[in-house]
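A.B. asks: If you scroll down you'll find the structure; I have some questions about it.
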Amino acid sequence: SLTPVGKSLPLGDLPLNMAISKSGKYMAVTNNGQSTQTIQLFDVKKEKQLDQVVIPKSWYGLKFSVDEKKIYASGGNDNRILLYSIVANKLILSDSFQLTAKAKTLVSPSGIEIDETKQILYTVTKEDNSLYLVDLKTKNILLKIKLPGEAFSCLLSPDKSILYISC
């Protein structure tokens, strides 16, 4: 038998990604299995779940804003990015935006990265193999770049000059 080191916290079906806020105060987990899909919000120091919201469809993408007042999440095969506000330690859906106007076109955003100085959200997709640059103020797509394969995640370098993408 195995004895775990430390404590464990209960998670949902297929916890696919976790994000830690900049100060380390919060941790969010996206659960993306065949049952109910959710985002869980935890207090890291207290090792306690603060909230859990059901999300219609989701995938890997999960990113806190620098000020820790918002979290962006992939809407999976709904082709959208969901924006949750964190109010009194609760997740409240405050906005969302589509990556495609055509309902039958499958995009499925995966990894999410944010450059808050430029107010640009970067997201890579697993169905149309692309990188999208989205203006966070207008929610308009600034640029779509075709990638050589299915993308999973993206990460900006510390100086924000290079975007790394896993394909």
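Note on naming: chains are A, B, ... as they come in the structure tokens, residues start from 1 per chain, ligands start from 1 in the order shown.
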Find the residues of region 6-101 of chain A that sit at most 12 Å from region 107-121 of chain A; for each, write down the nearest two atoms and how far apart they are in Å, to one decimal. Count only C-alpha atoms. Sort by chain, then by number going up, and give it as JSON lines.
C.D. replies:
```
{"residue": "A:Leu16", "atom": "CA", "partner": "A:Ser110", "partner_atom": "CA", "distance": 10.8}
{"residue": "A:Asn17", "atom": "CA", "partner": "A:Gly111", "partner_atom": "CA", "distance": 9.6}
{"residue": "A:Met18", "atom": "CA", "partner": "A:Gly111", "partner_atom": "CA", "distance": 11.5}
{"residue": "A:Ala19", "atom": "CA", "partner": "A:Ile112", "partner_atom": "CA", "distance": 10.8}
{"residue": "A:Thr30", "atom": "CA", "partner": "A:Ser110", "partner_atom": "CA", "distance": 11.6}
{"residue": "A:Asn32", "atom": "CA", "partner": "A:Ser110", "partner_atom": "CA", "distance": 11.7}
{"residue": "A:Lys57", "atom": "CA", "partner": "A:Ser108", "partner_atom": "CA", "distance": 9.7}
{"residue": "A:Ser58", "atom": "CA", "partner": "A:Ser108", "partner_atom": "CA", "distance": 8.6}
{"residue": "A:Trp59", "atom": "CA", "partner": "A:Ser110", "partner_atom": "CA", "distance": 5.9}
{"residue": "A:Tyr60", "atom": "CA", "partner": "A:Ser110", "partner_atom": "CA", "distance": 5.2}
{"residue": "A:Gly61", "atom": "CA", "partner": "A:Gly111", "partner_atom": "CA", "distance": 4.2}
{"residue": "A:Leu62", "atom": "CA", "partner": "A:Ile112", "partner_atom": "CA", "distance": 6.2}
{"residue": "A:Lys63", "atom": "CA", "partner": "A:Ile112", "partner_atom": "CA", "distance": 6.3}
{"residue": "A:Phe64", "atom": "CA", "partner": "A:Ile114", "partner_atom": "CA", "distance": 8.7}
{"residue": "A:Ser65", "atom": "CA", "partner": "A:Ile114", "partner_atom": "CA", "distance": 7.7}
{"residue": "A:Val66", "atom": "CA", "partner": "A:Glu116", "partner_atom": "CA", "distance": 7.6}
{"residue": "A:Asp67", "atom": "CA", "partner": "A:Glu116", "partner_atom": "CA", "distance": 9.9}
{"residue": "A:Lys70", "atom": "CA", "partner": "A:Ile114", "partner_atom": "CA", "distance": 11.7}
{"residue": "A:Ile71", "atom": "CA", "partner": "A:Ile112", "partner_atom": "CA", "distance": 10.5}
{"residue": "A:Tyr72", "atom": "CA", "partner": "A:Ile112", "partner_atom": "CA", "distance": 7.7}
{"residue": "A:Ala73", "atom": "CA", "partner": "A:Ile112", "partner_atom": "CA", "distance": 7.6}
{"residue": "A:Ser74", "atom": "CA", "partner": "A:Pro109", "partner_atom": "CA", "distance": 5.7}
{"residue": "A:Gly75", "atom": "CA", "partner": "A:Pro109", "partner_atom": "CA", "distance": 6.9}
{"residue": "A:Gly76", "atom": "CA", "partner": "A:Ser108", "partner_atom": "CA", "distance": 4.6}
{"residue": "A:Asn77", "atom": "CA", "partner": "A:Ser108", "partner_atom": "CA", "distance": 4.5}
{"residue": "A:Asp78", "atom": "CA", "partner": "A:Ser108", "partner_atom": "CA", "distance": 6.8}
{"residue": "A:Asn79", "atom": "CA", "partner": "A:Ser108", "partner_atom": "CA", "distance": 4.9}
{"residue": "A:Arg80", "atom": "CA", "partner": "A:Pro109", "partner_atom": "CA", "distance": 7.0}
{"residue": "A:Ile81", "atom": "CA", "partner": "A:Pro109", "partner_atom": "CA", "distance": 7.4}
{"residue": "A:Leu82", "atom": "CA", "partner": "A:Pro109", "partner_atom": "CA", "distance": 10.6}
{"residue": "A:Leu83", "atom": "CA", "partner": "A:Leu121", "partner_atom": "CA", "distance": 11.5}
{"residue": "A:Phe97", "atom": "CA", "partner": "A:Pro109", "partner_atom": "CA", "distance": 11.5}
{"residue": "A:Gln98", "atom": "CA", "partner": "A:Val107", "partner_atom": "CA", "distance": 9.9}
{"residue": "A:Leu99", "atom": "CA", "partner": "A:Val107", "partner_atom": "CA", "distance": 7.4}
{"residue": "A:Thr100", "atom": "CA", "partner": "A:Val107", "partner_atom": "CA", "distance": 7.5}
{"residue": "A:Ala101", "atom": "CA", "partner": "A:Val107", "partner_atom": "CA", "distance": 10.7}
```
A.B. asks: Which of region 22-124 of chain A end up as strand (DSSP E) when DSSP is run on this backbone - answer as a PyMOL selection string?
C.D. replies: chain A and resi 26-31+38-43+48-54+62-64+70-74+80-87+90-98+109-115+120-124
A.B. asks: Would you list the contacts of Gln40 (chain A) as a count of residues only, taking every protein, DNA or RNA residue within 6 Å and counting only C-alpha atoms, but skipping same-chain residues closer than 6 positions in sequence?
C.D. replies: 4
A.B. asks: Within 8 Å of Tyr164 (chain A), counting only C-alpha atoms, which residues qualify if same-chain residues fewer than 3 places away don't, as a ChimeraX atom specification?
C.D. replies: /A:154-157
A.B. asks: Which residues are near region 144-148 of chain A? Cut-off 10 Å, only C-alpha atoms, ignore same chain within fewer than 6 positions. Put them as an MDAnalysis selection string.
C.D. replies: chainID A and resid 99 122:125 128:134 165 167
A.B. asks: Smallest atom-to-atom distance to Thr138 (chain A): which of A:Lys102, A:Phe42, A:Ser96, A:Ile86, using only C-alpha atoms?
C.D. replies: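 Checking each candidate against Thr138 (chain A), we get A:Ser96 as the closest.
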A.B. asks: Compare A:Val44, A:Asn140, A:Gly12, A:Ile39 by their minimum atom-to-atom distance to Met27 (chain A), counting only C-alpha atoms, and give me the closest one.
C.D. replies: A:Val44
A.B. asks: Would you mind telling me which residue in A:Pro56, A:Val5, A:Leu142, A:Asn89 lies nearest to Asp43 (chain A) when using only C-alpha atoms?
C.D. replies: A:Asn89
A.B. asks: My list of candidates is A:Glu68, A:Glu127, A:Asp159, A:Asp135. Which is closest to Ile20 (chain A) when distances are computed with only C-alpha atoms?
C.D. replies: A:Glu68
